[in-house]
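Q: This is the content of query07.csv (CSV, C-alpha atoms):
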```
chain,number,residue,atom,x,y,z
T,1,MET,CA,141.3,135.6,43.6
T,2,ASN,CA,139.4,138.0,41.4
T,3,THR,CA,135.8,137.6,40.4
T,4,GLN,CA,135.4,141.3,39.3
T,5,THR,CA,136.1,140.6,35.7
T,6,PRO,CA,133.9,141.6,32.7
T,7,ARG,CA,130.9,139.4,32.3
T,8,ASP,CA,131.4,136.7,29.7
T,9,PRO,CA,128.3,135.1,28.3
T,10,ARG,CA,130.1,131.8,28.0
T,11,VAL,CA,130.8,131.8,31.8
T,12,ASP,CA,127.8,130.5,33.7
T,13,PRO,CA,127.8,132.5,36.9
T,14,HIS,CA,126.5,129.7,39.1
T,15,GLU,CA,129.0,127.2,37.8
T,16,TRP,CA,131.8,129.8,38.2
T,17,GLN,CA,130.8,130.4,41.8
T,18,LEU,CA,130.9,126.6,42.4
T,19,GLN,CA,134.4,126.4,41.0
T,20,GLU,CA,135.5,129.4,43.1
T,21,ALA,CA,133.8,128.0,46.2
T,22,ALA,CA,135.7,124.7,45.8
T,23,LEU,CA,138.9,126.6,45.5
T,24,ALA,CA,138.2,128.7,48.6
T,25,GLN,CA,137.3,125.6,50.6
T,26,GLU,CA,140.5,123.8,49.6
T,27,ARG,CA,142.5,126.8,50.6
T,28,GLY,CA,140.8,126.9,53.9
T,29,ALA,CA,139.2,130.2,53.2
T,30,ALA,CA,135.6,128.9,53.4
T,31,ALA,CA,133.8,126.2,55.4
T,32,ALA,CA,133.6,122.9,53.6
T,33,GLY,CA,130.3,122.2,51.8
T,34,ASP,CA,128.6,119.2,50.3
T,35,GLY,CA,127.6,118.4,46.8
T,36,VAL,CA,128.9,116.4,43.9
T,37,GLY,CA,129.9,119.5,41.8
T,38,LEU,CA,131.8,121.0,44.7
T,39,GLY,CA,133.5,117.6,45.4
T,40,HIS,CA,134.6,117.3,41.8
T,41,TYR,CA,136.0,120.8,41.7
T,42,ARG,CA,137.8,120.3,45.0
T,43,LEU,CA,139.3,117.1,43.6
T,44,LEU,CA,140.3,118.9,40.5
T,45,HIS,CA,142.0,121.6,42.5
T,46,ARG,CA,144.1,119.0,44.4
T,47,ALA,CA,145.1,117.5,41.1
T,48,LEU,CA,146.1,120.9,39.8
T,49,ARG,CA,148.1,121.6,43.0
T,50,GLU,CA,150.3,118.6,42.3
T,51,VAL,CA,153.6,119.8,40.8
T,52,PRO,CA,153.9,118.6,37.3
T,53,ALA,CA,156.7,116.2,36.5
T,54,PRO,CA,159.6,116.4,35.9
T,55,GLN,CA,160.5,118.6,38.8
T,56,LEU,CA,163.0,121.4,38.9
T,57,PRO,CA,166.6,120.1,39.4
T,58,ALA,CA,167.8,120.7,42.9
T,59,ASP,CA,170.9,122.6,41.9
T,60,PHE,CA,169.3,124.7,39.2
T,61,ALA,CA,169.8,128.1,40.9
T,62,ALA,CA,173.4,127.5,42.0
T,63,ALA,CA,174.4,126.0,38.6
T,64,LEU,CA,172.8,129.0,36.8
T,65,ALA,CA,174.5,131.5,39.1
T,66,ARG,CA,177.9,129.8,38.4
T,67,ARG,CA,177.3,130.0,34.7
T,68,VAL,CA,176.4,133.7,34.8
T,69,GLU,CA,179.5,134.4,36.9
T,70,ARG,CA,181.7,132.4,34.5
T,71,GLU,CA,180.3,134.3,31.5
T,72,ARG,CA,180.7,137.6,33.2
T,73,LEU,CA,184.4,136.9,34.0
T,74,LEU,CA,185.0,135.7,30.5
T,75,ASP,CA,183.4,138.9,29.2
T,76,GLY,CA,185.6,141.0,31.5
T,77,ARG,CA,188.7,139.2,30.4
T,78,TRP,CA,187.9,139.8,26.8
T,79,GLU,CA,187.1,143.4,27.5
T,80,ARG,CA,190.5,143.9,29.1
T,81,ARG,CA,192.3,142.1,26.3
T,82,LEU,CA,190.5,144.2,23.7
T,83,LEU,CA,191.4,147.3,25.6
T,84,ALA,CA,195.1,146.3,25.8
T,85,ALA,CA,195.1,145.5,22.1
T,86,MET,CA,193.5,148.8,21.2
T,87,LEU,CA,196.0,150.7,23.4
T,88,LEU,CA,198.9,148.8,21.7
T,89,LEU,CA,197.5,149.6,18.3
T,90,LEU,CA,197.2,153.2,19.2
T,91,ALA,CA,200.7,153.4,20.6
T,92,GLY,CA,202.0,151.6,17.4
T,93,ALA,CA,200.2,154.0,15.2
T,94,GLY,CA,201.5,156.9,17.2
T,95,GLY,CA,205.0,155.6,17.0
T,96,VAL,CA,204.8,155.3,13.2
T,97,GLN,CA,203.5,158.8,12.9
T,98,LEU,CA,206.2,160.1,15.2
T,99,PHE,CA,208.8,158.3,13.1
T,100,LEU,CA,207.5,159.7,9.9
T,101,HIS,CA,206.7,163.2,10.9
T,102,GLY,CA,208.5,163.7,14.2
T,103,ASP,CA,211.2,165.9,12.7
T,104,ALA,CA,208.7,168.2,11.0
T,105,TRP,CA,206.6,168.5,14.2
T,106,LEU,CA,209.7,169.3,16.3
T,107,ALA,CA,210.8,171.9,13.8
T,108,ALA,CA,207.3,173.4,13.8
T,109,VAL,CA,207.3,173.5,17.7
T,110,HIS,CA,210.7,175.1,17.7
T,111,GLN,CA,209.6,177.6,15.1
T,112,ALA,CA,206.4,178.4,17.0
T,113,LEU,CA,208.3,178.8,20.3
T,114,PRO,CA,211.6,180.4,19.4
T,115,ALA,CA,212.1,181.7,23.0
T,116,LEU,CA,212.3,178.2,24.5
T,117,PRO,CA,215.7,176.5,24.9
T,118,ARG,CA,216.5,173.8,22.3
T,119,TRP,CA,215.3,170.8,24.5
T,120,GLY,CA,218.6,169.0,23.9
T,121,ASN,CA,217.9,167.7,20.4
T,122,GLY,CA,214.4,166.4,21.3
T,123,TRP,CA,215.5,164.4,24.4
T,124,GLY,CA,213.8,167.0,26.6
T,125,LEU,CA,210.5,166.5,24.8
T,126,LEU,CA,210.8,162.7,25.1
T,127,LEU,CA,211.4,163.1,28.9
T,128,GLY,CA,208.3,165.3,29.1
T,129,LEU,CA,206.3,162.6,27.4
T,130,ALA,CA,207.6,159.9,29.7
T,131,LEU,CA,206.7,162.1,32.8
T,132,ALA,CA,203.2,162.5,31.4
T,133,TRP,CA,202.8,158.8,30.8
T,134,SER,CA,203.6,157.6,34.4
T,135,PRO,CA,200.5,159.1,36.1
T,136,LEU,CA,198.4,158.0,33.2
T,137,SER,CA,199.6,154.4,33.5
T,138,GLY,CA,199.0,154.6,37.3
T,139,LEU,CA,195.4,155.6,36.7
T,140,LEU,CA,194.9,152.7,34.3
T,141,GLN,CA,196.3,150.2,36.8
T,142,ARG,CA,194.1,151.6,39.6
T,143,HIS,CA,191.0,151.2,37.3
T,144,SER,CA,192.0,147.6,36.5
T,145,ARG,CA,192.4,146.8,40.3
T,146,LEU,CA,189.0,148.4,41.0
T,147,GLN,CA,187.3,146.2,38.4
T,148,LYS,CA,188.7,143.1,40.0
T,149,VAL,CA,187.5,144.1,43.4
T,150,THR,CA,183.9,144.7,42.3
T,151,ARG,CA,183.7,141.3,40.6
N,1,MET,CA,163.2,149.0,51.3
N,2,ASN,CA,160.8,146.9,49.0
N,3,PRO,CA,162.2,143.4,48.9
N,4,ASP,CA,162.2,143.3,45.0
N,5,ARG,CA,164.1,146.6,44.9
N,6,GLU,CA,166.6,145.3,47.5
N,7,LEU,CA,167.2,142.1,45.5
N,8,VAL,CA,167.5,143.8,42.2
N,9,SER,CA,169.9,146.4,43.5
N,10,ALA,CA,172.1,143.6,45.0
N,11,VAL,CA,172.1,141.7,41.7
N,12,LEU,CA,172.9,144.8,39.7
N,13,ALA,CA,175.8,145.6,42.1
N,14,GLY,CA,177.1,142.1,41.5
N,15,ARG,CA,176.8,141.1,45.2
N,16,ALA,CA,177.8,137.5,45.9
N,17,GLY,CA,174.9,135.1,46.0
N,18,ALA,CA,172.3,137.7,45.0
N,19,PHE,CA,171.5,136.3,41.5
N,20,GLU,CA,171.3,132.8,43.0
N,21,ARG,CA,168.8,134.1,45.5
N,22,LEU,CA,166.7,135.7,42.7
N,23,VAL,CA,166.7,132.5,40.8
N,24,SER,CA,165.8,130.4,43.8
N,25,LEU,CA,162.9,132.7,44.6
N,26,HIS,CA,161.3,132.7,41.1
N,27,GLN,CA,162.5,129.4,39.5
N,28,GLY,CA,159.3,127.6,40.5
N,29,LEU,CA,157.0,130.0,38.7
N,30,CYS,CA,159.3,130.0,35.6
N,31,TRP,CA,159.5,126.2,35.6
N,32,HIS,CA,155.7,125.8,35.9
N,33,ILE,CA,155.0,128.3,33.1
N,34,ILE,CA,157.5,126.7,30.7
N,35,GLN,CA,156.8,123.1,31.7
N,36,ARG,CA,153.1,123.6,31.1
N,37,LEU,CA,153.6,125.3,27.8
N,38,VAL,CA,156.2,123.0,26.2
N,39,ARG,CA,155.8,119.7,28.2
N,40,HIS,CA,159.3,118.5,27.3
N,41,PRO,CA,161.9,118.0,30.2
N,42,GLU,CA,165.0,119.0,28.3
N,43,ASP,CA,163.4,121.9,26.5
N,44,THR,CA,161.9,123.1,29.8
N,45,ARG,CA,165.3,123.1,31.5
N,46,GLU,CA,167.0,124.9,28.6
N,47,LEU,CA,164.2,127.5,28.3
N,48,CYS,CA,164.2,128.2,32.0
N,49,GLN,CA,168.0,128.8,31.8
N,50,GLU,CA,167.4,131.1,28.8
N,51,THR,CA,164.7,133.0,30.8
N,52,PHE,CA,167.0,133.7,33.7
N,53,LEU,CA,170.0,134.6,31.4
N,54,ARG,CA,167.6,137.1,29.9
N,55,VAL,CA,166.6,138.3,33.3
N,56,HIS,CA,170.2,138.8,34.2
N,57,GLN,CA,170.9,140.6,30.9
N,58,TYR,CA,168.0,143.0,31.1
N,59,LEU,CA,167.5,143.4,34.8
N,60,HIS,CA,168.8,147.0,34.5
N,61,GLN,CA,165.7,147.8,32.4
N,62,TYR,CA,163.3,146.6,35.1
N,63,ARG,CA,161.3,149.7,36.2
N,64,TYR,CA,159.3,148.2,39.2
N,65,GLU,CA,156.0,148.9,37.3
N,66,SER,CA,154.9,145.4,38.2
N,67,ALA,CA,156.2,142.9,40.8
N,68,LEU,CA,159.5,141.2,40.0
N,69,LYS,CA,157.6,137.9,40.0
N,70,SER,CA,155.3,139.1,37.2
N,71,TRP,CA,158.2,140.6,35.2
N,72,ILE,CA,160.1,137.3,35.3
N,73,GLY,CA,156.9,135.4,34.6
N,74,ARG,CA,156.3,137.5,31.5
N,75,ILE,CA,159.8,136.7,30.2
N,76,ALA,CA,159.3,133.0,30.9
N,77,TYR,CA,155.9,133.1,29.1
N,78,ALA,CA,157.4,134.9,26.1
N,79,VAL,CA,160.3,132.4,25.9
N,80,GLY,CA,157.9,129.5,26.0
N,81,LEU,CA,155.6,131.1,23.4
N,82,ARG,CA,158.5,131.7,21.0
N,83,HIS,CA,159.5,128.0,21.4
N,84,LEU,CA,156.0,126.9,20.5
N,85,GLU,CA,156.0,129.2,17.5
N,86,LYS,CA,159.3,127.8,16.4
N,87,LYS,CA,158.1,124.3,16.7
N,88,GLN,CA,154.8,125.3,15.1
N,89,LEU,CA,152.8,123.9,18.0
N,90,PRO,CA,149.4,125.5,18.6
N,91,LEU,CA,148.7,127.4,21.8
N,92,LEU,CA,145.1,126.4,21.6
N,93,GLN,CA,143.5,123.4,20.0
N,94,GLY,CA,140.9,125.3,18.0
N,95,ASP,CA,138.0,122.8,17.7
N,96,ALA,CA,138.1,121.5,21.2
N,97,GLU,CA,138.3,125.0,22.7
N,98,ASP,CA,135.4,126.4,20.7
N,99,GLU,CA,132.9,123.6,21.1
N,100,PRO,CA,130.0,124.4,23.3
N,101,LEU,CA,130.0,122.9,26.8
N,102,ALA,CA,126.9,121.6,28.4
N,103,LEU,CA,126.5,122.5,32.0
N,104,LEU,CA,126.5,119.6,34.3
N,105,GLU,CA,123.9,118.6,36.7
N,106,ARG,CA,123.9,120.2,40.1
N,107,GLU,CA,123.4,117.2,42.3
N,108,SER,CA,123.3,117.5,46.0
N,109,ASP,CA,125.1,114.8,47.9
N,110,GLY,CA,126.9,111.5,47.2
N,111,PHE,CA,130.5,112.2,46.5
N,112,ASP,CA,133.3,111.0,48.8
N,113,LEU,CA,136.1,113.4,48.2
N,114,GLU,CA,138.7,111.7,50.3
N,115,ALA,CA,137.9,108.2,48.8
N,116,ALA,CA,138.2,109.7,45.3
N,117,TRP,CA,141.5,111.4,46.2
N,118,ALA,CA,142.9,108.1,47.4
N,119,ASP,CA,141.9,106.4,44.2
N,120,GLU,CA,145.2,106.2,42.2
N,121,GLU,CA,143.5,105.3,38.9
N,122,LEU,CA,141.1,108.2,39.1
N,123,ARG,CA,144.0,110.6,39.8
N,124,ARG,CA,146.0,109.2,36.9
N,125,HIS,CA,142.9,109.8,34.6
N,126,LEU,CA,142.7,113.3,35.9
N,127,GLN,CA,146.4,114.1,35.4
N,128,ALA,CA,146.2,112.7,31.9
N,129,ALA,CA,143.2,114.9,31.2
N,130,ILE,CA,145.1,118.0,32.5
N,131,ASP,CA,148.1,117.0,30.4
N,132,ALA,CA,145.8,116.6,27.3
N,133,LEU,CA,144.6,120.2,27.6
N,134,ALA,CA,146.0,122.8,25.1
N,135,PRO,CA,149.1,124.6,26.3
N,136,LEU,CA,147.4,127.9,27.1
N,137,PRO,CA,144.5,126.6,29.4
N,138,ARG,CA,146.9,124.1,31.0
N,139,THR,CA,149.3,127.0,31.8
N,140,LEU,CA,146.5,129.3,33.1
N,141,LEU,CA,145.1,126.6,35.3
N,142,THR,CA,148.6,126.0,36.8
N,143,LEU,CA,149.2,129.7,37.4
N,144,TYR,CA,145.8,130.0,39.1
N,145,HIS,CA,145.7,126.9,41.2
N,146,LEU,CA,149.3,125.9,41.8
N,147,ASP,CA,151.1,129.3,41.9
N,148,GLU,CA,148.0,130.9,43.4
N,149,LEU,CA,148.2,134.0,41.2
N,150,SER,CA,145.2,136.2,40.8
N,151,ILE,CA,143.6,136.9,37.4
N,152,PRO,CA,145.2,140.4,37.2
N,153,GLU,CA,148.6,138.9,37.9
N,154,ILE,CA,148.1,136.2,35.2
N,155,SER,CA,147.0,139.0,32.9
N,156,GLN,CA,150.3,140.8,33.5
N,157,ILE,CA,152.2,137.7,32.7
N,158,THR,CA,150.3,136.6,29.6
N,159,SER,CA,149.0,140.0,28.4
N,160,LEU,CA,145.6,138.4,28.0
N,161,ALA,CA,142.4,140.3,29.0
N,162,ALA,CA,141.1,139.3,32.5
N,163,GLY,CA,137.8,138.1,30.8
N,164,THR,CA,139.7,135.9,28.4
N,165,ILE,CA,141.6,134.3,31.3
N,166,LYS,CA,138.4,133.8,33.3
N,167,SER,CA,136.7,132.2,30.3
N,168,HIS,CA,139.6,129.8,29.8
N,169,LEU,CA,139.6,128.8,33.5
N,170,PHE,CA,135.9,128.3,33.5
N,171,ARG,CA,135.8,126.2,30.4
N,172,SER,CA,138.8,124.1,31.2
N,173,ARG,CA,137.5,123.3,34.7
N,174,LEU,CA,134.1,122.5,33.4
N,175,ARG,CA,135.6,120.2,30.8
N,176,LEU,CA,137.7,118.4,33.4
N,177,ARG,CA,134.7,118.1,35.7
N,178,ALA,CA,132.7,116.5,32.9
N,179,LEU,CA,135.5,114.0,32.5
N,180,LEU,CA,135.7,113.4,36.2
N,181,GLN,CA,132.0,112.8,36.3
N,182,ASP,CA,132.3,110.2,33.6
N,183,VAL,CA,135.3,108.4,35.1
N,184,ALA,CA,134.1,108.6,38.7
N,185,GLY,CA,130.7,107.4,37.7
N,186,ALA,CA,132.0,104.4,35.7
N,187,PRO,CA,132.5,101.1,37.4
N,188,ARG,CA,136.2,100.3,37.9
```
Transcribe the structure of this file into structure tokens.

A:
Amino acid sequence: MNTQTPRDPRVDPHEWQLQEAALAQERGAAAAGDGVGLGHYRLLHRALREVPAPQLPADFAAALARRVERERLLDGRWERRLLAAMLLLLAGAGGVQLFLHGDAWLAAVHQALPALPRWGNGWGLLLGLALAWSPLSGLLQRHSRLQKVTR
Amino acid sequence: MNPDRELVSAVLAGRAGAFERLVSLHQGLCWHIIQRLVRHPEDTRELCQETFLRVHQYLHQYRYESALKSWIGRIAYAVGLRHLEKKQLPLLQGDAEDEPLALLERESDGFDLEAAWADEELRRHLQAAIDALAPLPRTLLTLYHLDELSIPEISQITSLAAGTIKSHLFRSRLRLRALLQDVAGAPR
């Protein structure tokens, strides 16, 4: 309770004290006193202490927590689907580029590195790419598993 | 660790049951604020849900500058206000709030509090009068008397100056007392 607020000319100090004294009495913080005004304000405090109808549904918190969890899972699922779609798109675009310009890139690599062996007509390069992919996919799987655990 | 900090960390870490605990702890305050502002059961339920969904969404932005209770109360109040604005409902009923109030007599004895409290009709009158107050004073009275928040705490939730809150509390209680005096004095 705070009575140290700026003085307002519309607030009569005696009546305010009466209101606050009634509040203190009802809260057991002051000895009960007599007087009609005090009685009225004590009655008013009791009425204001009554929880307004309708009351809060009993399962409100549990239902809300379930809803939040459901939405979070749904968001996570969409996020994973979107990521998979993006990766597929990226792989597709990479494949197309490789198909269109692969020969030129291979020739450029061979030209730039004439000392290296011929990589068996590009099969060696493909093998190198496959070897690089397997730790990358392992990392992705581990990230996905971690996300499931923290949910 | 501060209980607010502990709870917020648990919710942000996605620990099982943490968000439900947060809602359970603060749902009463949220419900009272919104219910007193909008006075519609279905809207109250929906707006309370909206409040806690926002709390969940923006909890990472909570900086512990005020108690978690006040932060959640502020969101509930903002959600309730926006609803009133959308429905074009006034927060204050201008004329009734501005009219001067005559101070009541300061009689000495003669009021049986327990008998008055047992009088169902009188209590109904009183509840009807509380319900008939404008949304803002009704909400301020509930926060002060039912939720036992101090004026500075109410100020954090509503962003109103402490003097304004005090003035609303004073005038609403005086108005209700005047009504009580009329009803209690009348033969029934």

Q: Do you have the atom CA of Asp103 of chain T-atom CA of Leu125 of chain T distance handy?

A: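 Atom CA of Leu125 of chain T lies at a distance of 12.1 Å from atom CA of Asp103 of chain T.
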
Q: Tell me, as a list in words, which residues lie within 9 Å of segment 22-30 of chain N, counting all atoms listed in the file; anything in the same chain fewer than 2 positions away does not count.

A: Leu56, Phe60, Ala61, Ala62, Leu64 and Ala65 of chain T; Leu7, Val8, Val11, Gly17, Ala18, Phe19, Glu20, His32, Ile33, Ile34, Gln35, Cys48, Thr51, Phe52, Leu68, Lys69, Ile72, Gly73, Ile75, Ala76, Tyr77, Leu143 and Asp147 of chain N

Q: What are the residues of chain T that have an atom within 9 Å of an atom of chain N, counting all atoms listed in the file, as a PDB file with C-alpha atoms, in the coordinates of the input?

A:
```pdb
ATOM      1  CA  MET T   1     141.300 135.600  43.600  1.00  0.00           C
ATOM      2  CA  ASN T   2     139.400 138.000  41.400  1.00  0.00           C
ATOM      3  CA  THR T   3     135.800 137.600  40.400  1.00  0.00           C
ATOM      4  CA  THR T   5     136.100 140.600  35.700  1.00  0.00           C
ATOM      5  CA  PRO T   6     133.900 141.600  32.700  1.00  0.00           C
ATOM      6  CA  ARG T   7     130.900 139.400  32.300  1.00  0.00           C
ATOM      7  CA  ASP T   8     131.400 136.700  29.700  1.00  0.00           C
ATOM      8  CA  ARG T  10     130.100 131.800  28.000  1.00  0.00           C
ATOM      9  CA  VAL T  11     130.800 131.800  31.800  1.00  0.00           C
ATOM     10  CA  ASP T  12     127.800 130.500  33.700  1.00  0.00           C
ATOM     11  CA  GLU T  15     129.000 127.200  37.800  1.00  0.00           C
ATOM     12  CA  TRP T  16     131.800 129.800  38.200  1.00  0.00           C
ATOM     13  CA  GLN T  19     134.400 126.400  41.000  1.00  0.00           C
ATOM     14  CA  LEU T  23     138.900 126.600  45.500  1.00  0.00           C
ATOM     15  CA  ASP T  34     128.600 119.200  50.300  1.00  0.00           C
ATOM     16  CA  GLY T  35     127.600 118.400  46.800  1.00  0.00           C
ATOM     17  CA  VAL T  36     128.900 116.400  43.900  1.00  0.00           C
ATOM     18  CA  GLY T  37     129.900 119.500  41.800  1.00  0.00           C
ATOM     19  CA  GLY T  39     133.500 117.600  45.400  1.00  0.00           C
ATOM     20  CA  HIS T  40     134.600 117.300  41.800  1.00  0.00           C
ATOM     21  CA  TYR T  41     136.000 120.800  41.700  1.00  0.00           C
ATOM     22  CA  ARG T  42     137.800 120.300  45.000  1.00  0.00           C
ATOM     23  CA  LEU T  43     139.300 117.100  43.600  1.00  0.00           C
ATOM     24  CA  LEU T  44     140.300 118.900  40.500  1.00  0.00           C
ATOM     25  CA  HIS T  45     142.000 121.600  42.500  1.00  0.00           C
ATOM     26  CA  ARG T  46     144.100 119.000  44.400  1.00  0.00           C
ATOM     27  CA  ALA T  47     145.100 117.500  41.100  1.00  0.00           C
ATOM     28  CA  LEU T  48     146.100 120.900  39.800  1.00  0.00           C
ATOM     29  CA  ARG T  49     148.100 121.600  43.000  1.00  0.00           C
ATOM     30  CA  GLU T  50     150.300 118.600  42.300  1.00  0.00           C
ATOM     31  CA  VAL T  51     153.600 119.800  40.800  1.00  0.00           C
ATOM     32  CA  PRO T  52     153.900 118.600  37.300  1.00  0.00           C
ATOM     33  CA  ALA T  53     156.700 116.200  36.500  1.00  0.00           C
ATOM     34  CA  PRO T  54     159.600 116.400  35.900  1.00  0.00           C
ATOM     35  CA  GLN T  55     160.500 118.600  38.800  1.00  0.00           C
ATOM     36  CA  LEU T  56     163.000 121.400  38.900  1.00  0.00           C
ATOM     37  CA  PRO T  57     166.600 120.100  39.400  1.00  0.00           C
ATOM     38  CA  PHE T  60     169.300 124.700  39.200  1.00  0.00           C
ATOM     39  CA  ALA T  61     169.800 128.100  40.900  1.00  0.00           C
ATOM     40  CA  ALA T  62     173.400 127.500  42.000  1.00  0.00           C
ATOM     41  CA  ALA T  63     174.400 126.000  38.600  1.00  0.00           C
ATOM     42  CA  LEU T  64     172.800 129.000  36.800  1.00  0.00           C
ATOM     43  CA  ALA T  65     174.500 131.500  39.100  1.00  0.00           C
ATOM     44  CA  ARG T  66     177.900 129.800  38.400  1.00  0.00           C
ATOM     45  CA  VAL T  68     176.400 133.700  34.800  1.00  0.00           C
ATOM     46  CA  THR T 150     183.900 144.700  42.300  1.00  0.00           C
ATOM     47  CA  ARG T 151     183.700 141.300  40.600  1.00  0.00           C
TER      48      ARG T 151
END
```

Q: For atom CA of Leu98 of chain T and atom CA of Trp133 of chain T, quote the distance in Å rounded to one decimal.

A: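 Interatomic distance here is 16.0 Å.
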
Q: Atom CA of Tyr64 of chain N and atom CA of Asp4 of chain N are how many Å apart?

A: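 Atom CA of Asp4 of chain N lies 8.1 Å from atom CA of Tyr64 of chain N.
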
Q: The residues within 12 Å of (158.5, 128.2, 21.0), using only C-alpha atoms and the coordinates of the file, should be reported as JSON, numbers by chain; which are they?

A: {"N": [34, 35, 37, 38, 39, 40, 43, 44, 46, 47, 76, 77, 78, 79, 80, 81, 82, 83, 84, 85, 86, 87, 88, 89, 90, 91, 135]}

Q: Can you complete the atoms of segment 64-79 of chain T to N, CA and C atoms and list them as a short mmCIF file (atom, residue, chain, number, x, y, z; two decimals), in the coordinates of the input?

A:
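Written out: out_38.cif:
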```cif
data_model
loop_
_atom_site.label_atom_id
_atom_site.label_comp_id
_atom_site.auth_asym_id
_atom_site.auth_seq_id
_atom_site.Cartn_x
_atom_site.Cartn_y
_atom_site.Cartn_z
N LEU T 64 173.06 127.83 37.63
CA LEU T 64 172.80 129.00 36.80
C LEU T 64 173.65 130.19 37.20
N ALA T 65 173.70 130.40 38.52
CA ALA T 65 174.50 131.50 39.10
C ALA T 65 175.97 131.34 38.71
N ARG T 66 176.45 130.10 38.79
CA ARG T 66 177.90 129.80 38.40
C ARG T 66 178.09 130.12 36.95
N ARG T 67 177.13 129.73 36.13
CA ARG T 67 177.30 130.00 34.70
C ARG T 67 177.32 131.46 34.36
N VAL T 68 176.44 132.21 34.98
CA VAL T 68 176.40 133.70 34.80
C VAL T 68 177.72 134.30 35.20
N GLU T 69 178.22 133.86 36.36
CA GLU T 69 179.50 134.40 36.90
C GLU T 69 180.64 134.12 35.95
N ARG T 70 180.66 132.86 35.44
CA ARG T 70 181.70 132.40 34.50
C ARG T 70 181.69 133.29 33.25
N GLU T 71 180.48 133.48 32.72
CA GLU T 71 180.30 134.30 31.50
C GLU T 71 180.72 135.72 31.70
N ARG T 72 180.41 136.21 32.91
CA ARG T 72 180.70 137.60 33.20
C ARG T 72 182.25 137.80 33.30
N LEU T 73 182.91 136.82 33.94
CA LEU T 73 184.40 136.90 34.00
C LEU T 73 185.02 136.82 32.68
N LEU T 74 184.47 135.91 31.87
CA LEU T 74 185.00 135.70 30.50
C LEU T 74 184.83 137.03 29.72
N ASP T 75 183.67 137.63 29.84
CA ASP T 75 183.40 138.90 29.20
C ASP T 75 184.40 139.96 29.61
N GLY T 76 184.64 140.01 30.95
CA GLY T 76 185.60 141.00 31.50
C GLY T 76 186.96 140.80 31.00
N ARG T 77 187.36 139.50 30.91
CA ARG T 77 188.70 139.20 30.40
C ARG T 77 188.86 139.66 28.96
N TRP T 78 187.82 139.34 28.16
CA TRP T 78 187.90 139.80 26.80
C TRP T 78 187.92 141.27 26.63
N GLU T 79 187.16 141.93 27.51
CA GLU T 79 187.10 143.40 27.50
C GLU T 79 188.49 143.96 27.77
#
```
